[in-house]
file run-v8.pdb (PDB, C-alpha atoms, pLDDT in the B column)
MODEL        1
ATOM      1  CA  MET D 238       0.000   0.000   0.000  1.00 59.00           C
ATOM      2  CA  ASN D 239       1.287   3.455  -0.893  1.00 80.00           C
ATOM      3  CA  GLU D 240       1.960   6.024   1.781  1.00 83.00           C
ATOM      4  CA  PRO D 241      -0.162   9.176   1.646  1.00 90.00           C
ATOM      5  CA  THR D 242       1.450  12.201   0.017  1.00 91.00           C
ATOM      6  CA  VAL D 243       2.104  15.436   1.858  1.00 89.00           C
ATOM      7  CA  THR D 244       1.637  18.833   0.260  1.00 93.00           C
ATOM      8  CA  THR D 245       3.864  21.601   1.588  1.00 93.00           C
ATOM      9  CA  THR D 246       5.890  24.636   0.574  1.00 96.00           C
ATOM     10  CA  LEU D 247       9.667  24.296   0.670  1.00 95.00           C
ATOM     11  CA  THR D 248      12.517  26.744   0.293  1.00 96.00           C
ATOM     12  CA  PRO D 249      14.993  25.967  -2.488  1.00 96.00           C
ATOM     13  CA  ALA D 250      17.475  24.687   0.114  1.00 95.00           C
ATOM     14  CA  GLU D 251      14.848  22.406   1.664  1.00 94.00           C
ATOM     15  CA  TRP D 252      13.823  21.093  -1.751  1.00 95.00           C
ATOM     16  CA  LYS D 253      17.472  20.371  -2.621  1.00 94.00           C
ATOM     17  CA  LEU D 254      17.867  18.372   0.588  1.00 92.00           C
ATOM     18  CA  ILE D 255      14.634  16.442   0.026  1.00 92.00           C
ATOM     19  CA  SER D 256      15.587  15.776  -3.602  1.00 94.00           C
ATOM     20  CA  GLU D 257      18.972  14.402  -2.520  1.00 92.00           C
ATOM     21  CA  ILE D 258      17.318  12.119   0.022  1.00 91.00           C
ATOM     22  CA  ARG D 259      14.730  10.954  -2.509  1.00 90.00           C
ATOM     23  CA  GLY D 260      17.523  10.252  -5.003  1.00 93.00           C
ATOM     24  CA  ILE D 261      18.941   7.474  -2.837  1.00 92.00           C
ATOM     25  CA  PRO D 262      17.930   4.145  -4.376  1.00 91.00           C
ATOM     26  CA  ALA D 263      15.322   2.210  -2.371  1.00 90.00           C
ATOM     27  CA  GLY D 264      16.776  -0.492  -0.205  1.00 91.00           C
ATOM     28  CA  ILE D 265      18.877  -1.051   2.874  1.00 89.00           C
ATOM     29  CA  THR D 266      21.067   2.013   2.276  1.00 90.00           C
ATOM     30  CA  GLN D 267      18.044   4.288   1.938  1.00 90.00           C
ATOM     31  CA  ALA D 268      16.483   2.890   5.115  1.00 91.00           C
ATOM     32  CA  ARG D 269      19.745   3.354   6.987  1.00 91.00           C
ATOM     33  CA  VAL D 270      20.172   6.933   5.748  1.00 91.00           C
ATOM     34  CA  HIS D 271      16.603   7.761   6.821  1.00 91.00           C
ATOM     35  CA  GLN D 272      17.264   6.319  10.284  1.00 91.00           C
ATOM     36  CA  ILE D 273      20.609   8.084  10.695  1.00 89.00           C
ATOM     37  CA  LEU D 274      19.219  11.427   9.481  1.00 90.00           C
ATOM     38  CA  GLY D 275      16.330  11.145  11.927  1.00 89.00           C
ATOM     39  CA  GLU D 276      18.698  10.428  14.810  1.00 84.00           C
ATOM     40  CA  PHE D 277      21.100  13.166  13.719  1.00 82.00           C
ATOM     41  CA  LEU D 278      18.326  15.757  13.519  1.00 85.00           C
ATOM     42  CA  PHE D 279      17.057  14.733  16.961  1.00 82.00           C
ATOM     43  CA  TYR D 280      20.602  15.138  18.304  1.00 75.00           C
ATOM     44  CA  VAL D 281      20.972  18.597  16.745  1.00 73.00           C
ATOM     45  CA  ARG D 282      17.580  19.751  18.054  1.00 75.00           C
ATOM     46  CA  ASN D 283      18.199  18.362  21.540  1.00 67.00           C
ATOM     47  CA  PRO D 284      21.806  19.002  22.577  1.00 61.00           C
ATOM     48  CA  ARG D 285      22.586  17.585  25.987  1.00 59.00           C
ATOM     49  CA  CYS D 286      25.681  17.245  28.062  1.00 55.00           C
ATOM     50  CA  GLN D 287      26.655  13.634  28.634  1.00 49.00           C
ATOM     51  CA  GLY D 288      26.407  14.251  32.388  1.00 49.00           C
ATOM     52  CA  VAL D 289      22.745  15.300  32.352  1.00 48.00           C
ATOM     53  CA  MET D 290      20.811  14.120  35.364  1.00 47.00           C
ATOM     54  CA  PRO D 291      17.773  11.839  35.021  1.00 51.00           C
ATOM     55  CA  GLU D 292      15.553  14.934  35.193  1.00 48.00           C
ATOM     56  CA  GLY D 293      16.848  15.728  31.698  1.00 46.00           C
ATOM     57  CA  TYR D 294      18.001  19.305  32.222  1.00 47.00           C
ATOM     58  CA  PRO D 295      19.285  20.631  28.915  1.00 51.00           C
ATOM     59  CA  CYS D 296      22.631  22.373  28.838  1.00 56.00           C
ATOM     60  CA  GLY D 297      20.857  25.432  27.447  1.00 52.00           C
ATOM     61  CA  ASP D 298      23.129  26.779  24.732  1.00 52.00           C
ATOM     62  CA  PRO D 299      25.132  24.275  22.686  1.00 47.00           C
ATOM     63  CA  ARG D 300      27.804  26.947  22.324  1.00 48.00           C
ATOM     64  CA  SER D 301      28.225  27.144  26.095  1.00 52.00           C
ATOM     65  CA  THR D 302      31.551  26.418  27.746  1.00 53.00           C
ATOM     66  CA  CYS D 303      30.564  22.806  28.398  1.00 63.00           C
ATOM     67  CA  GLU D 304      32.971  20.680  26.331  1.00 65.00           C
ATOM     68  CA  GLN D 305      30.368  17.941  25.906  1.00 58.00           C
ATOM     69  CA  CYS D 306      28.000  20.365  24.181  1.00 62.00           C
ATOM     70  CA  HIS D 307      30.743  21.393  21.774  1.00 69.00           C
ATOM     71  CA  GLN D 308      30.800  17.866  20.369  1.00 73.00           C
ATOM     72  CA  ILE D 309      27.867  18.653  18.063  1.00 73.00           C
ATOM     73  CA  TRP D 310      29.601  21.741  16.666  1.00 75.00           C
ATOM     74  CA  ASP D 311      32.849  19.797  16.206  1.00 82.00           C
ATOM     75  CA  LEU D 312      30.943  17.047  14.399  1.00 80.00           C
ATOM     76  CA  LEU D 313      29.230  19.546  12.091  1.00 80.00           C
ATOM     77  CA  ASP D 314      32.573  21.248  11.381  1.00 85.00           C
ATOM     78  CA  GLU D 315      34.137  17.881  10.542  1.00 88.00           C
ATOM     79  CA  ILE D 316      31.292  16.910   8.196  1.00 85.00           C
ATOM     80  CA  GLU D 317      31.456  20.314   6.506  1.00 85.00           C
ATOM     81  CA  ALA D 318      35.234  19.978   5.994  1.00 89.00           C
ATOM     82  CA  ARG D 319      34.918  16.466   4.568  1.00 87.00           C
ATOM     83  CA  VAL D 320      32.204  17.514   2.124  1.00 84.00           C
ATOM     84  CA  ALA D 321      34.291  20.499   0.995  1.00 83.00           C
ATOM     85  CA  HIS D 322      37.059  18.107  -0.100  1.00 80.00           C
ATOM     86  CA  ILE D 323      34.804  15.897  -2.224  1.00 73.00           C
TER      87      ILE D 323
ENDMDL
END
call {"tool": "encode", "arguments": {"input": "run-v8.pdb", "output": "structure tokens"}}
result
Amino acid sequence: MNEPTVTTTLTPAEWKLISEIRGIPAGITQARVHQILGEFLFYVRNPRCQGVMPEGYPCGDPRSTCEQCHQIWDLLDEIEARVAHI
């Protein structure tokens, strides 16, 4: 059974991203990319220090002095550098 379609308005940058994702051939790789992107986006939206208490207090600003929170920015910088060399 086909999944329902969604109608929305996208910016050119959003459409480019969606087009790139849709261009991945169906199969295990596509499923894995979808899973990893979902987890990555959750991680970016919800930065947390590794030492967060069970109450789940967020660190606040991912650019704070907490070295754990800087991991996301370091990861993004590394990905950006790798892509620039392709």
call {"tool": "residues_around", "arguments": {"input": "run-v8.pdb", "residues": "Val270 of chain D", "least_positions_apart": "4", "cutoff": "12 Å", "atoms": "all atoms listed in the file", "output": "list in words"}}
result
Glu257, Ile258, Arg259, Gly260, Ile261, Pro262, Ala263, Gly264, Ile265, Thr266, Leu274, Gly275, Glu276, Phe277 and Leu278 of chain D
call {"tool": "atom_distance", "arguments": {"input": "run-v8.pdb", "atom1": "atom CA of Arg282 of chain D", "atom2": "atom CA of Thr242 of chain D"}}
result
25.3 Å
call {"tool": "atom_distance", "arguments": {"input": "run-v8.pdb", "atom1": "atom CA of Thr244 of chain D", "atom2": "atom CA of His271 of chain D"}}
result
19.7 Å
call {"tool": "atom_distance", "arguments": {"input": "run-v8.pdb", "atom1": "atom CA of Gln308 of chain D", "atom2": "atom CA of Thr248 of chain D"}}
result
28.6 Å
call {"tool": "closest_residue", "arguments": {"input": "run-v8.pdb", "among": "D:Ala268, D:Val281, D:Leu247, D:Ile323", "to": "Asp311 of chain D", "atoms": "only C-alpha atoms"}}
result
D:Val281
call {"tool": "axis_aligned_box", "arguments": {"input": "run-v8.pdb", "around": "segment 313-318 of chain D", "padding_each_side": "3 Å", "output": "JSON"}}
result
{"center_x": 32.2, "center_y": 19.1, "center_z": 9.0, "size_x": 12.0, "size_y": 10.3, "size_z": 12.1}
call {"tool": "decode", "arguments": {"input": "run-v8.pdb", "residues": "segment 251-266 of chain D", "atoms": "N, CA and C atoms", "output": "short mmCIF file (atom, residue, chain, number, x, y, z; two decimals), in the first residue's frame"}}
result
data_model
loop_
_atom_site.label_atom_id
_atom_site.label_comp_id
_atom_site.auth_asym_id
_atom_site.auth_seq_id
_atom_site.Cartn_x
_atom_site.Cartn_y
_atom_site.Cartn_z
N GLU D 251 15.58 23.57 1.16
CA GLU D 251 14.85 22.41 1.66
C GLU D 251 14.54 21.43 0.53
N TRP D 252 14.12 21.96 -0.61
CA TRP D 252 13.82 21.09 -1.75
C TRP D 252 15.07 20.35 -2.22
N LYS D 253 16.22 21.02 -2.23
CA LYS D 253 17.47 20.37 -2.62
C LYS D 253 17.77 19.21 -1.68
N LEU D 254 17.61 19.43 -0.39
CA LEU D 254 17.87 18.37 0.59
C LEU D 254 16.91 17.20 0.38
N ILE D 255 15.63 17.50 0.24
CA ILE D 255 14.63 16.44 0.03
C ILE D 255 14.91 15.69 -1.28
N SER D 256 15.28 16.42 -2.33
CA SER D 256 15.59 15.78 -3.60
C SER D 256 16.78 14.83 -3.47
N GLU D 257 17.80 15.26 -2.73
CA GLU D 257 18.97 14.40 -2.52
C GLU D 257 18.59 13.13 -1.75
N ILE D 258 17.76 13.28 -0.76
CA ILE D 258 17.32 12.12 0.02
C ILE D 258 16.48 11.19 -0.85
N ARG D 259 15.59 11.77 -1.63
CA ARG D 259 14.73 10.95 -2.51
C ARG D 259 15.52 10.28 -3.63
N GLY D 260 16.69 10.82 -3.95
CA GLY D 260 17.52 10.25 -5.00
C GLY D 260 18.29 9.01 -4.59
N ILE D 261 18.26 8.69 -3.31
CA ILE D 261 18.94 7.47 -2.84
C ILE D 261 18.10 6.27 -3.25
N PRO D 262 18.71 5.31 -3.93
CA PRO D 262 17.93 4.15 -4.38
C PRO D 262 17.27 3.42 -3.20
N ALA D 263 16.04 2.94 -3.42
CA ALA D 263 15.32 2.21 -2.37
C ALA D 263 16.12 0.98 -1.96
N GLY D 264 16.08 0.69 -0.70
CA GLY D 264 16.78 -0.49 -0.21
C GLY D 264 17.34 -0.25 1.18
N ILE D 265 18.30 -1.10 1.53
CA ILE D 265 18.88 -1.05 2.87
C ILE D 265 19.60 0.27 3.11
N THR D 266 20.34 0.75 2.11
CA THR D 266 21.07 2.01 2.28
C THR D 266 20.11 3.16 2.53
#
